[in-house]
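Text of the file my_file_28.txt, holding compact mmCIF, N, CA and C atoms:
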```txt
# COMPACT_ATOMS: atom_id res chain seq x y z
N MET R 1 0.85 -1.16 0.00
CA MET R 1 0.00 0.00 0.00
C MET R 1 0.90 1.24 0.00
N THR R 2 0.62 2.17 -0.88
CA THR R 2 1.44 3.37 -0.98
C THR R 2 1.12 4.34 0.17
N ASN R 3 2.03 5.28 0.40
CA ASN R 3 1.82 6.25 1.47
C ASN R 3 0.60 7.13 1.22
N SER R 4 0.35 7.50 -0.03
CA SER R 4 -0.81 8.34 -0.33
C SER R 4 -2.11 7.58 -0.06
N THR R 5 -2.11 6.27 -0.30
CA THR R 5 -3.29 5.46 0.00
C THR R 5 -3.48 5.33 1.50
N LYS R 6 -2.38 5.17 2.23
CA LYS R 6 -2.47 5.07 3.69
C LYS R 6 -3.07 6.34 4.28
N LYS R 7 -2.66 7.51 3.76
CA LYS R 7 -3.21 8.77 4.25
C LYS R 7 -4.70 8.88 3.94
N LEU R 8 -5.10 8.29 2.84
CA LEU R 8 -6.49 8.39 2.39
C LEU R 8 -7.43 7.48 3.16
N ILE R 9 -6.99 6.27 3.48
CA ILE R 9 -7.94 5.30 4.03
C ILE R 9 -7.73 4.93 5.49
N LEU R 10 -6.57 5.22 6.07
CA LEU R 10 -6.30 4.80 7.44
C LEU R 10 -6.61 5.90 8.45
N THR R 11 -7.04 5.50 9.64
CA THR R 11 -7.25 6.44 10.73
C THR R 11 -5.93 6.64 11.46
N LYS R 12 -5.94 7.47 12.49
CA LYS R 12 -4.71 7.71 13.26
C LYS R 12 -4.24 6.45 13.98
N GLU R 13 -5.18 5.57 14.29
CA GLU R 13 -4.83 4.32 14.98
C GLU R 13 -4.29 3.26 14.02
N GLY R 14 -4.34 3.52 12.72
CA GLY R 14 -3.84 2.57 11.73
C GLY R 14 -4.88 1.60 11.22
N LYS R 15 -6.15 1.83 11.53
CA LYS R 15 -7.22 0.97 11.04
C LYS R 15 -7.87 1.62 9.83
N ILE R 16 -8.54 0.80 9.04
CA ILE R 16 -9.24 1.32 7.87
C ILE R 16 -10.47 2.09 8.33
N SER R 17 -10.66 3.27 7.78
CA SER R 17 -11.76 4.15 8.15
C SER R 17 -13.11 3.48 7.88
N LYS R 18 -14.09 3.71 8.75
CA LYS R 18 -15.42 3.15 8.57
C LYS R 18 -16.09 3.72 7.33
N THR R 19 -15.77 4.96 6.99
CA THR R 19 -16.32 5.57 5.78
C THR R 19 -15.87 4.81 4.54
N ILE R 20 -14.60 4.45 4.49
CA ILE R 20 -14.06 3.70 3.35
C ILE R 20 -14.70 2.32 3.29
N ILE R 21 -14.88 1.67 4.43
CA ILE R 21 -15.52 0.35 4.45
C ILE R 21 -16.96 0.45 3.96
N ASN R 22 -17.69 1.49 4.37
CA ASN R 22 -19.06 1.68 3.91
C ASN R 22 -19.12 1.93 2.41
N ILE R 23 -18.18 2.71 1.89
CA ILE R 23 -18.13 2.97 0.45
C ILE R 23 -17.90 1.66 -0.31
N LEU R 24 -16.97 0.85 0.16
CA LEU R 24 -16.66 -0.41 -0.51
C LEU R 24 -17.80 -1.42 -0.36
N ASN R 25 -18.51 -1.39 0.76
CA ASN R 25 -19.64 -2.30 0.94
C ASN R 25 -20.81 -1.94 0.02
N ASN R 26 -20.89 -0.69 -0.41
CA ASN R 26 -21.95 -0.27 -1.32
C ASN R 26 -21.62 -0.61 -2.77
N CYS R 27 -20.41 -1.06 -3.03
CA CYS R 27 -20.03 -1.47 -4.38
C CYS R 27 -20.41 -2.94 -4.58
N ARG R 28 -20.61 -3.28 -5.85
CA ARG R 28 -20.87 -4.68 -6.20
C ARG R 28 -19.67 -5.16 -7.00
N PHE R 29 -19.06 -6.26 -6.58
CA PHE R 29 -17.84 -6.77 -7.20
C PHE R 29 -18.18 -7.95 -8.11
N ASP R 30 -17.77 -7.86 -9.39
CA ASP R 30 -17.98 -8.93 -10.36
C ASP R 30 -16.61 -9.54 -10.66
N SER R 31 -16.34 -10.69 -10.04
CA SER R 31 -15.01 -11.29 -10.18
C SER R 31 -14.78 -11.95 -11.54
N ALA R 32 -15.83 -12.21 -12.30
CA ALA R 32 -15.66 -12.83 -13.62
C ALA R 32 -14.96 -11.88 -14.58
N GLU R 33 -15.28 -10.58 -14.50
CA GLU R 33 -14.69 -9.61 -15.43
C GLU R 33 -13.89 -8.52 -14.73
N ASN R 34 -13.65 -8.66 -13.42
CA ASN R 34 -12.92 -7.67 -12.62
C ASN R 34 -13.57 -6.29 -12.70
N LYS R 35 -14.89 -6.26 -12.61
CA LYS R 35 -15.63 -5.01 -12.64
C LYS R 35 -16.11 -4.68 -11.23
N ILE R 36 -16.05 -3.41 -10.91
CA ILE R 36 -16.58 -2.93 -9.63
C ILE R 36 -17.70 -1.95 -9.96
N TYR R 37 -18.92 -2.35 -9.66
CA TYR R 37 -20.09 -1.51 -9.94
C TYR R 37 -20.25 -0.49 -8.83
N ILE R 38 -20.33 0.78 -9.19
CA ILE R 38 -20.32 1.85 -8.20
C ILE R 38 -21.67 2.52 -8.01
N GLY R 39 -22.65 2.22 -8.83
CA GLY R 39 -23.95 2.86 -8.71
C GLY R 39 -24.90 2.03 -7.88
N TYR R 40 -25.67 2.68 -7.04
CA TYR R 40 -26.66 1.98 -6.24
C TYR R 40 -27.76 2.96 -5.83
N TYR R 41 -28.84 2.42 -5.35
CA TYR R 41 -29.97 3.22 -4.89
C TYR R 41 -30.12 3.06 -3.39
N SER R 42 -30.58 4.12 -2.73
CA SER R 42 -30.86 4.03 -1.29
C SER R 42 -32.22 4.63 -1.02
N GLY R 43 -32.81 4.24 0.09
CA GLY R 43 -34.14 4.71 0.44
C GLY R 43 -35.21 3.82 -0.14
N SER R 44 -36.46 4.23 0.04
CA SER R 44 -37.56 3.46 -0.53
C SER R 44 -38.71 4.39 -0.89
N GLY R 45 -39.51 3.93 -1.82
CA GLY R 45 -40.67 4.72 -2.25
C GLY R 45 -40.26 6.04 -2.87
N ARG R 46 -40.95 7.10 -2.49
CA ARG R 46 -40.64 8.40 -3.08
C ARG R 46 -39.35 9.00 -2.53
N TYR R 47 -38.78 8.37 -1.52
CA TYR R 47 -37.53 8.85 -0.92
C TYR R 47 -36.31 8.14 -1.50
N THR R 48 -36.47 7.46 -2.61
CA THR R 48 -35.36 6.77 -3.25
C THR R 48 -34.43 7.78 -3.90
N SER R 49 -33.14 7.59 -3.71
CA SER R 49 -32.16 8.45 -4.37
C SER R 49 -31.04 7.58 -4.91
N SER R 50 -30.42 8.05 -5.96
CA SER R 50 -29.31 7.31 -6.55
C SER R 50 -28.01 7.84 -5.97
N GLN R 51 -27.07 6.93 -5.77
CA GLN R 51 -25.79 7.26 -5.17
C GLN R 51 -24.68 6.63 -6.02
N THR R 52 -23.49 7.15 -5.90
CA THR R 52 -22.33 6.49 -6.48
C THR R 52 -21.27 6.37 -5.40
N ALA R 53 -20.66 5.23 -5.33
CA ALA R 53 -19.58 5.01 -4.38
C ALA R 53 -18.30 5.56 -5.00
N ASN R 54 -17.69 6.51 -4.35
CA ASN R 54 -16.52 7.19 -4.92
C ASN R 54 -15.24 6.47 -4.50
N ILE R 55 -14.88 5.44 -5.27
CA ILE R 55 -13.66 4.70 -4.98
C ILE R 55 -12.51 5.12 -5.89
N LEU R 56 -12.77 6.08 -6.76
CA LEU R 56 -11.75 6.53 -7.70
C LEU R 56 -10.48 7.06 -7.02
N PRO R 57 -10.59 7.84 -5.93
CA PRO R 57 -9.34 8.28 -5.27
C PRO R 57 -8.47 7.13 -4.77
N ILE R 58 -9.10 6.06 -4.33
CA ILE R 58 -8.33 4.91 -3.85
C ILE R 58 -7.59 4.24 -5.01
N ILE R 59 -8.30 4.08 -6.13
CA ILE R 59 -7.69 3.45 -7.30
C ILE R 59 -6.53 4.30 -7.81
N LYS R 60 -6.73 5.61 -7.90
CA LYS R 60 -5.69 6.50 -8.41
C LYS R 60 -4.50 6.58 -7.46
N SER R 61 -4.75 6.58 -6.14
CA SER R 61 -3.64 6.70 -5.20
C SER R 61 -2.73 5.48 -5.22
N GLN R 62 -3.27 4.33 -5.59
CA GLN R 62 -2.46 3.12 -5.71
C GLN R 62 -1.75 3.06 -7.07
N GLY R 63 -2.17 3.89 -8.00
CA GLY R 63 -1.54 3.90 -9.32
C GLY R 63 -2.08 2.86 -10.28
N TYR R 64 -3.25 2.30 -9.98
CA TYR R 64 -3.85 1.31 -10.85
C TYR R 64 -4.53 1.98 -12.03
N LYS R 65 -4.49 1.32 -13.16
CA LYS R 65 -5.21 1.79 -14.33
C LYS R 65 -6.62 1.22 -14.30
N PHE R 66 -7.57 1.95 -14.90
CA PHE R 66 -8.96 1.52 -14.88
C PHE R 66 -9.66 2.00 -16.15
N ILE R 67 -10.77 1.36 -16.42
CA ILE R 67 -11.64 1.76 -17.52
C ILE R 67 -13.02 1.98 -16.92
N MET R 68 -13.59 3.15 -17.18
CA MET R 68 -14.93 3.44 -16.66
C MET R 68 -15.93 3.14 -17.76
N GLY R 69 -17.05 2.52 -17.38
CA GLY R 69 -18.06 2.19 -18.36
C GLY R 69 -19.44 2.06 -17.75
N ASN R 70 -20.41 1.77 -18.60
CA ASN R 70 -21.79 1.58 -18.15
C ASN R 70 -22.39 0.50 -19.03
N ASP R 71 -22.92 -0.56 -18.42
CA ASP R 71 -23.50 -1.64 -19.20
C ASP R 71 -24.99 -1.82 -18.93
N ALA R 72 -25.63 -0.80 -18.37
CA ALA R 72 -27.08 -0.85 -18.17
C ALA R 72 -27.77 -0.64 -19.52
N PRO R 73 -28.90 -1.32 -19.76
CA PRO R 73 -29.57 -1.21 -21.05
C PRO R 73 -29.95 0.22 -21.43
N LYS R 74 -30.38 1.01 -20.45
CA LYS R 74 -30.77 2.38 -20.75
C LYS R 74 -29.78 3.40 -20.17
N GLY R 75 -28.63 2.94 -19.76
CA GLY R 75 -27.60 3.84 -19.26
C GLY R 75 -27.85 4.31 -17.84
N GLY R 76 -28.57 3.54 -17.05
CA GLY R 76 -28.89 3.92 -15.67
C GLY R 76 -27.70 3.86 -14.75
N ILE R 77 -27.88 4.39 -13.55
CA ILE R 77 -26.78 4.49 -12.60
C ILE R 77 -26.30 3.13 -12.10
N LYS R 78 -27.16 2.12 -12.08
CA LYS R 78 -26.74 0.81 -11.59
C LYS R 78 -25.75 0.13 -12.53
N GLY R 79 -25.57 0.65 -13.73
CA GLY R 79 -24.64 0.05 -14.67
C GLY R 79 -23.26 0.66 -14.67
N ASP R 80 -23.04 1.73 -13.89
CA ASP R 80 -21.72 2.37 -13.84
C ASP R 80 -20.71 1.43 -13.18
N TYR R 81 -19.55 1.30 -13.80
CA TYR R 81 -18.53 0.41 -13.24
C TYR R 81 -17.14 0.91 -13.58
N TYR R 82 -16.16 0.39 -12.83
CA TYR R 82 -14.74 0.54 -13.13
C TYR R 82 -14.22 -0.86 -13.40
N LYS R 83 -13.56 -1.03 -14.53
CA LYS R 83 -12.92 -2.30 -14.84
C LYS R 83 -11.44 -2.12 -14.52
N VAL R 84 -10.94 -2.98 -13.63
CA VAL R 84 -9.56 -2.87 -13.15
C VAL R 84 -8.84 -4.20 -13.35
N SER R 85 -7.55 -4.19 -13.07
CA SER R 85 -6.77 -5.43 -13.16
C SER R 85 -7.14 -6.35 -12.00
N LYS R 86 -6.71 -7.59 -12.08
CA LYS R 86 -7.00 -8.58 -11.05
C LYS R 86 -6.36 -8.17 -9.72
N VAL R 87 -5.16 -7.60 -9.77
CA VAL R 87 -4.47 -7.17 -8.56
C VAL R 87 -5.25 -6.04 -7.88
N ALA R 88 -5.69 -5.06 -8.66
CA ALA R 88 -6.47 -3.94 -8.11
C ALA R 88 -7.81 -4.43 -7.57
N PHE R 89 -8.43 -5.35 -8.29
CA PHE R 89 -9.71 -5.90 -7.86
C PHE R 89 -9.59 -6.58 -6.51
N ASN R 90 -8.57 -7.43 -6.35
CA ASN R 90 -8.36 -8.14 -5.09
C ASN R 90 -7.98 -7.18 -3.96
N PHE R 91 -7.20 -6.14 -4.28
CA PHE R 91 -6.82 -5.15 -3.27
C PHE R 91 -8.06 -4.46 -2.70
N LEU R 92 -8.95 -4.00 -3.57
CA LEU R 92 -10.15 -3.29 -3.12
C LEU R 92 -11.12 -4.22 -2.41
N ARG R 93 -11.26 -5.44 -2.90
CA ARG R 93 -12.18 -6.39 -2.27
C ARG R 93 -11.68 -6.77 -0.87
N ASN R 94 -10.36 -6.90 -0.71
CA ASN R 94 -9.81 -7.27 0.59
C ASN R 94 -9.82 -6.11 1.59
N LEU R 95 -9.90 -4.87 1.13
CA LEU R 95 -9.95 -3.74 2.03
C LEU R 95 -11.22 -3.74 2.87
N ARG R 96 -12.31 -4.23 2.31
CA ARG R 96 -13.58 -4.16 3.04
C ARG R 96 -13.74 -5.24 4.10
N LYS R 97 -12.79 -6.15 4.21
CA LYS R 97 -12.87 -7.21 5.22
C LYS R 97 -12.21 -6.81 6.51
```
Would you encode the structure as structure tokens?
Amino acid sequence: MTNSTKKLILTKEGKISKTIINILNNCRFDSAENKIYIGYYSGSGRYTSSQTANILPIIKSQGYKFIMGNDAPKGGIKGDYYKVSKVAFNFLRNLRK
């Protein structure tokens, strides 16, 4: 883990921040194609809102390359994803544990 990533995700005690864990838990990980889906909905009924999990700073601070895309049929928020390498995929998936 690089120093810039440590500054971004670790607390003063050296543990991973709860905010970062919540962001990663809101992502959906597709191990078949190394895609991390960042779009999700929260709330219910008329109080539903769309959200995106902002994991881009973590990916950039580690120096990983990524491809951003959307594979939803109508281009909805649930189809937004980052396609990363296997190493980056495993790094991000293991952070949330």
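You can rank R:Lys78, R:Asn90, R:Arg96, R:Lys65 by their closest distance to R:Tyr41 using all atoms listed in the file, and at the top of that list sits R:Lys78.
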Using only N, CA and C atoms, what table do you get, as JSON lines, when you list each residue of stretch 51-74 of chain R with an atom no more than 6.5 Å from stretch 4-15 of chain R, its nearest pair of atoms, and their distance in Å rounded to one decimal, rows by chain then rising number?
```
{"residue": "R:Ile58", "atom": "CA", "partner": "R:Thr5", "partner_atom": "CA", "distance": 6.4}
{"residue": "R:Ser61", "atom": "C", "partner": "R:Thr5", "partner_atom": "N", "distance": 5.0}
{"residue": "R:Gln62", "atom": "N", "partner": "R:Thr5", "partner_atom": "CA", "distance": 5.7}
```
### Query
Can you tell me, as a PyMOL selection string, what residues are no more than 9 Å from stretch 29-31 of chain R when counting only C-alpha atoms, ignoring any on the same chain fewer than 2 positions away?
chain R and resi 27+33-37+86+89-90+93
Pull N, CA and C atoms from the residues just selected and write them as a PDB file, in the coordinates of the input.
```pdb
ATOM      1  N   CYS R  27     -20.410  -1.060  -3.030  1.00  0.00           N
ATOM      2  CA  CYS R  27     -20.030  -1.470  -4.380  1.00  0.00           C
ATOM      3  C   CYS R  27     -20.410  -2.940  -4.580  1.00  0.00           C
ATOM      4  N   GLU R  33     -15.280 -10.580 -14.500  1.00  0.00           N
ATOM      5  CA  GLU R  33     -14.690  -9.610 -15.430  1.00  0.00           C
ATOM      6  C   GLU R  33     -13.890  -8.520 -14.730  1.00  0.00           C
ATOM      7  N   ASN R  34     -13.650  -8.660 -13.420  1.00  0.00           N
ATOM      8  CA  ASN R  34     -12.920  -7.670 -12.620  1.00  0.00           C
ATOM      9  C   ASN R  34     -13.570  -6.290 -12.700  1.00  0.00           C
ATOM     10  N   LYS R  35     -14.890  -6.260 -12.610  1.00  0.00           N
ATOM     11  CA  LYS R  35     -15.630  -5.010 -12.640  1.00  0.00           C
ATOM     12  C   LYS R  35     -16.110  -4.680 -11.230  1.00  0.00           C
ATOM     13  N   ILE R  36     -16.050  -3.410 -10.910  1.00  0.00           N
ATOM     14  CA  ILE R  36     -16.580  -2.930  -9.630  1.00  0.00           C
ATOM     15  C   ILE R  36     -17.700  -1.950  -9.960  1.00  0.00           C
ATOM     16  N   TYR R  37     -18.920  -2.350  -9.660  1.00  0.00           N
ATOM     17  CA  TYR R  37     -20.090  -1.510  -9.940  1.00  0.00           C
ATOM     18  C   TYR R  37     -20.250  -0.490  -8.830  1.00  0.00           C
ATOM     19  N   LYS R  86      -6.710  -7.590 -12.080  1.00  0.00           N
ATOM     20  CA  LYS R  86      -7.000  -8.580 -11.050  1.00  0.00           C
ATOM     21  C   LYS R  86      -6.360  -8.170  -9.720  1.00  0.00           C
ATOM     22  N   PHE R  89      -8.430  -5.350  -8.290  1.00  0.00           N
ATOM     23  CA  PHE R  89      -9.710  -5.900  -7.860  1.00  0.00           C
ATOM     24  C   PHE R  89      -9.590  -6.580  -6.510  1.00  0.00           C
ATOM     25  N   ASN R  90      -8.570  -7.430  -6.350  1.00  0.00           N
ATOM     26  CA  ASN R  90      -8.360  -8.140  -5.090  1.00  0.00           C
ATOM     27  C   ASN R  90      -7.980  -7.180  -3.960  1.00  0.00           C
ATOM     28  N   ARG R  93     -11.260  -5.440  -2.900  1.00  0.00           N
ATOM     29  CA  ARG R  93     -12.180  -6.390  -2.270  1.00  0.00           C
ATOM     30  C   ARG R  93     -11.680  -6.770  -0.870  1.00  0.00           C
TER      31      ARG R  93
END
```
DSSP alpha helix (DSSP H) residues within chain R, as a PDB file with N, CA and C atoms, keeping the file's coordinate frame:
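After the write, part11.pdb holds the following:
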```
ATOM      1  N   ASN R   3       2.030   5.280   0.400  1.00  0.00           N
ATOM      2  CA  ASN R   3       1.820   6.250   1.470  1.00  0.00           C
ATOM      3  C   ASN R   3       0.600   7.130   1.220  1.00  0.00           C
ATOM      4  N   SER R   4       0.350   7.500  -0.030  1.00  0.00           N
ATOM      5  CA  SER R   4      -0.810   8.340  -0.330  1.00  0.00           C
ATOM      6  C   SER R   4      -2.110   7.580  -0.060  1.00  0.00           C
ATOM      7  N   THR R   5      -2.110   6.270  -0.300  1.00  0.00           N
ATOM      8  CA  THR R   5      -3.290   5.460   0.000  1.00  0.00           C
ATOM      9  C   THR R   5      -3.480   5.330   1.500  1.00  0.00           C
ATOM     10  N   LYS R   6      -2.380   5.170   2.230  1.00  0.00           N
ATOM     11  CA  LYS R   6      -2.470   5.070   3.690  1.00  0.00           C
ATOM     12  C   LYS R   6      -3.070   6.340   4.280  1.00  0.00           C
ATOM     13  N   LYS R   7      -2.660   7.510   3.760  1.00  0.00           N
ATOM     14  CA  LYS R   7      -3.210   8.770   4.250  1.00  0.00           C
ATOM     15  C   LYS R   7      -4.700   8.880   3.940  1.00  0.00           C
ATOM     16  N   LEU R   8      -5.100   8.290   2.840  1.00  0.00           N
ATOM     17  CA  LEU R   8      -6.490   8.390   2.390  1.00  0.00           C
ATOM     18  C   LEU R   8      -7.430   7.480   3.160  1.00  0.00           C
ATOM     19  N   ILE R   9      -6.990   6.270   3.480  1.00  0.00           N
ATOM     20  CA  ILE R   9      -7.940   5.300   4.030  1.00  0.00           C
ATOM     21  C   ILE R   9      -7.730   4.930   5.490  1.00  0.00           C
ATOM     22  N   LYS R  18     -14.090   3.710   8.750  1.00  0.00           N
ATOM     23  CA  LYS R  18     -15.420   3.150   8.570  1.00  0.00           C
ATOM     24  C   LYS R  18     -16.090   3.720   7.330  1.00  0.00           C
ATOM     25  N   THR R  19     -15.770   4.960   6.990  1.00  0.00           N
ATOM     26  CA  THR R  19     -16.320   5.570   5.780  1.00  0.00           C
ATOM     27  C   THR R  19     -15.870   4.810   4.540  1.00  0.00           C
ATOM     28  N   ILE R  20     -14.600   4.450   4.490  1.00  0.00           N
ATOM     29  CA  ILE R  20     -14.060   3.700   3.350  1.00  0.00           C
ATOM     30  C   ILE R  20     -14.700   2.320   3.290  1.00  0.00           C
ATOM     31  N   ILE R  21     -14.880   1.670   4.430  1.00  0.00           N
ATOM     32  CA  ILE R  21     -15.520   0.350   4.450  1.00  0.00           C
ATOM     33  C   ILE R  21     -16.960   0.450   3.960  1.00  0.00           C
ATOM     34  N   ASN R  22     -17.690   1.490   4.370  1.00  0.00           N
ATOM     35  CA  ASN R  22     -19.060   1.680   3.910  1.00  0.00           C
ATOM     36  C   ASN R  22     -19.120   1.930   2.410  1.00  0.00           C
ATOM     37  N   ILE R  23     -18.180   2.710   1.890  1.00  0.00           N
ATOM     38  CA  ILE R  23     -18.130   2.970   0.450  1.00  0.00           C
ATOM     39  C   ILE R  23     -17.900   1.660  -0.310  1.00  0.00           C
ATOM     40  N   LEU R  24     -16.970   0.850   0.160  1.00  0.00           N
ATOM     41  CA  LEU R  24     -16.660  -0.410  -0.510  1.00  0.00           C
ATOM     42  C   LEU R  24     -17.800  -1.420  -0.360  1.00  0.00           C
ATOM     43  N   ASN R  25     -18.510  -1.390   0.760  1.00  0.00           N
ATOM     44  CA  ASN R  25     -19.640  -2.300   0.940  1.00  0.00           C
ATOM     45  C   ASN R  25     -20.810  -1.940   0.020  1.00  0.00           C
ATOM     46  N   LEU R  56     -12.770   6.080  -6.760  1.00  0.00           N
ATOM     47  CA  LEU R  56     -11.750   6.530  -7.700  1.00  0.00           C
ATOM     48  C   LEU R  56     -10.480   7.060  -7.020  1.00  0.00           C
ATOM     49  N   PRO R  57     -10.590   7.840  -5.930  1.00  0.00           N
ATOM     50  CA  PRO R  57      -9.340   8.280  -5.270  1.00  0.00           C
ATOM     51  C   PRO R  57      -8.470   7.130  -4.770  1.00  0.00           C
ATOM     52  N   ILE R  58      -9.100   6.060  -4.330  1.00  0.00           N
ATOM     53  CA  ILE R  58      -8.330   4.910  -3.850  1.00  0.00           C
ATOM     54  C   ILE R  58      -7.590   4.240  -5.010  1.00  0.00           C
ATOM     55  N   ILE R  59      -8.300   4.080  -6.130  1.00  0.00           N
ATOM     56  CA  ILE R  59      -7.690   3.450  -7.300  1.00  0.00           C
ATOM     57  C   ILE R  59      -6.530   4.300  -7.810  1.00  0.00           C
ATOM     58  N   LYS R  60      -6.730   5.610  -7.900  1.00  0.00           N
ATOM     59  CA  LYS R  60      -5.690   6.500  -8.410  1.00  0.00           C
ATOM     60  C   LYS R  60      -4.500   6.580  -7.460  1.00  0.00           C
ATOM     61  N   SER R  61      -4.750   6.580  -6.140  1.00  0.00           N
ATOM     62  CA  SER R  61      -3.640   6.700  -5.200  1.00  0.00           C
ATOM     63  C   SER R  61      -2.730   5.480  -5.220  1.00  0.00           C
ATOM     64  N   GLN R  62      -3.270   4.330  -5.590  1.00  0.00           N
ATOM     65  CA  GLN R  62      -2.460   3.120  -5.710  1.00  0.00           C
ATOM     66  C   GLN R  62      -1.750   3.060  -7.070  1.00  0.00           C
ATOM     67  N   LYS R  86      -6.710  -7.590 -12.080  1.00  0.00           N
ATOM     68  CA  LYS R  86      -7.000  -8.580 -11.050  1.00  0.00           C
ATOM     69  C   LYS R  86      -6.360  -8.170  -9.720  1.00  0.00           C
ATOM     70  N   VAL R  87      -5.160  -7.600  -9.770  1.00  0.00           N
ATOM     71  CA  VAL R  87      -4.470  -7.170  -8.560  1.00  0.00           C
ATOM     72  C   VAL R  87      -5.250  -6.040  -7.880  1.00  0.00           C
ATOM     73  N   ALA R  88      -5.690  -5.060  -8.660  1.00  0.00           N
ATOM     74  CA  ALA R  88      -6.470  -3.940  -8.110  1.00  0.00           C
ATOM     75  C   ALA R  88      -7.810  -4.430  -7.570  1.00  0.00           C
ATOM     76  N   PHE R  89      -8.430  -5.350  -8.290  1.00  0.00           N
ATOM     77  CA  PHE R  89      -9.710  -5.900  -7.860  1.00  0.00           C
ATOM     78  C   PHE R  89      -9.590  -6.580  -6.510  1.00  0.00           C
ATOM     79  N   ASN R  90      -8.570  -7.430  -6.350  1.00  0.00           N
ATOM     80  CA  ASN R  90      -8.360  -8.140  -5.090  1.00  0.00           C
ATOM     81  C   ASN R  90      -7.980  -7.180  -3.960  1.00  0.00           C
ATOM     82  N   PHE R  91      -7.200  -6.140  -4.280  1.00  0.00           N
ATOM     83  CA  PHE R  91      -6.820  -5.150  -3.270  1.00  0.00           C
ATOM     84  C   PHE R  91      -8.060  -4.460  -2.700  1.00  0.00           C
ATOM     85  N   LEU R  92      -8.950  -4.000  -3.570  1.00  0.00           N
ATOM     86  CA  LEU R  92     -10.150  -3.290  -3.120  1.00  0.00           C
ATOM     87  C   LEU R  92     -11.120  -4.220  -2.410  1.00  0.00           C
ATOM     88  N   ARG R  93     -11.260  -5.440  -2.900  1.00  0.00           N
ATOM     89  CA  ARG R  93     -12.180  -6.390  -2.270  1.00  0.00           C
ATOM     90  C   ARG R  93     -11.680  -6.770  -0.870  1.00  0.00           C
ATOM     91  N   ASN R  94     -10.360  -6.900  -0.710  1.00  0.00           N
ATOM     92  CA  ASN R  94      -9.810  -7.270   0.590  1.00  0.00           C
ATOM     93  C   ASN R  94      -9.820  -6.110   1.590  1.00  0.00           C
ATOM     94  N   LEU R  95      -9.900  -4.870   1.130  1.00  0.00           N
ATOM     95  CA  LEU R  95      -9.950  -3.740   2.030  1.00  0.00           C
ATOM     96  C   LEU R  95     -11.220  -3.740   2.870  1.00  0.00           C
TER      97      LEU R  95
END
```
One residue among R:Lys83, R:Lys97, R:Arg46, R:Arg28 is nearest to R:Asn70 when using only C-alpha atoms, and that residue is R:Lys83
Atom pair atom CA of R:Ala88 + atom C of R:Gly63, distance 8.4 Å
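Scanning chain R with DSSP on the backbone, the strand (DSSP E) assignments fall on Arg28, Phe29, Asp30, Lys35, Ile36, Tyr37, Gly39, Tyr40, Tyr41, Ser42, Ser49, Ser50, Gln51, Thr52, Phe66, Ile67, Met68, Gly69, Asn70, Asp80, Tyr81, Tyr82, Lys83 and Val84 of chain R.
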Let's have the selection written as a CSV table (one decimal), in the frame of the given file, with N, CA and C atoms.
```csv
chain,number,residue,atom,x,y,z
R,28,ARG,N,-20.6,-3.3,-5.8
R,28,ARG,CA,-20.9,-4.7,-6.2
R,28,ARG,C,-19.7,-5.2,-7.0
R,29,PHE,N,-19.1,-6.3,-6.6
R,29,PHE,CA,-17.8,-6.8,-7.2
R,29,PHE,C,-18.2,-8.0,-8.1
R,30,ASP,N,-17.8,-7.9,-9.4
R,30,ASP,CA,-18.0,-8.9,-10.4
R,30,ASP,C,-16.6,-9.5,-10.7
R,35,LYS,N,-14.9,-6.3,-12.6
R,35,LYS,CA,-15.6,-5.0,-12.6
R,35,LYS,C,-16.1,-4.7,-11.2
R,36,ILE,N,-16.0,-3.4,-10.9
R,36,ILE,CA,-16.6,-2.9,-9.6
R,36,ILE,C,-17.7,-2.0,-10.0
R,37,TYR,N,-18.9,-2.4,-9.7
R,37,TYR,CA,-20.1,-1.5,-9.9
R,37,TYR,C,-20.2,-0.5,-8.8
R,39,GLY,N,-22.6,2.2,-8.8
R,39,GLY,CA,-24.0,2.9,-8.7
R,39,GLY,C,-24.9,2.0,-7.9
R,40,TYR,N,-25.7,2.7,-7.0
R,40,TYR,CA,-26.7,2.0,-6.2
R,40,TYR,C,-27.8,3.0,-5.8
R,41,TYR,N,-28.8,2.4,-5.4
R,41,TYR,CA,-30.0,3.2,-4.9
R,41,TYR,C,-30.1,3.1,-3.4
R,42,SER,N,-30.6,4.1,-2.7
R,42,SER,CA,-30.9,4.0,-1.3
R,42,SER,C,-32.2,4.6,-1.0
R,49,SER,N,-33.1,7.6,-3.7
R,49,SER,CA,-32.2,8.4,-4.4
R,49,SER,C,-31.0,7.6,-4.9
R,50,SER,N,-30.4,8.0,-6.0
R,50,SER,CA,-29.3,7.3,-6.6
R,50,SER,C,-28.0,7.8,-6.0
R,51,GLN,N,-27.1,6.9,-5.8
R,51,GLN,CA,-25.8,7.3,-5.2
R,51,GLN,C,-24.7,6.6,-6.0
R,52,THR,N,-23.5,7.2,-5.9
R,52,THR,CA,-22.3,6.5,-6.5
R,52,THR,C,-21.3,6.4,-5.4
R,66,PHE,N,-7.6,2.0,-14.9
R,66,PHE,CA,-9.0,1.5,-14.9
R,66,PHE,C,-9.7,2.0,-16.2
R,67,ILE,N,-10.8,1.4,-16.4
R,67,ILE,CA,-11.6,1.8,-17.5
R,67,ILE,C,-13.0,2.0,-16.9
R,68,MET,N,-13.6,3.2,-17.2
R,68,MET,CA,-14.9,3.4,-16.7
R,68,MET,C,-15.9,3.1,-17.8
R,69,GLY,N,-17.0,2.5,-17.4
R,69,GLY,CA,-18.1,2.2,-18.4
R,69,GLY,C,-19.4,2.1,-17.8
R,70,ASN,N,-20.4,1.8,-18.6
R,70,ASN,CA,-21.8,1.6,-18.2
R,70,ASN,C,-22.4,0.5,-19.0
R,80,ASP,N,-23.0,1.7,-13.9
R,80,ASP,CA,-21.7,2.4,-13.8
R,80,ASP,C,-20.7,1.4,-13.2
R,81,TYR,N,-19.6,1.3,-13.8
R,81,TYR,CA,-18.5,0.4,-13.2
R,81,TYR,C,-17.1,0.9,-13.6
R,82,TYR,N,-16.2,0.4,-12.8
R,82,TYR,CA,-14.7,0.5,-13.1
R,82,TYR,C,-14.2,-0.9,-13.4
R,83,LYS,N,-13.6,-1.0,-14.5
R,83,LYS,CA,-12.9,-2.3,-14.8
R,83,LYS,C,-11.4,-2.1,-14.5
R,84,VAL,N,-10.9,-3.0,-13.6
R,84,VAL,CA,-9.6,-2.9,-13.2
R,84,VAL,C,-8.8,-4.2,-13.4
```
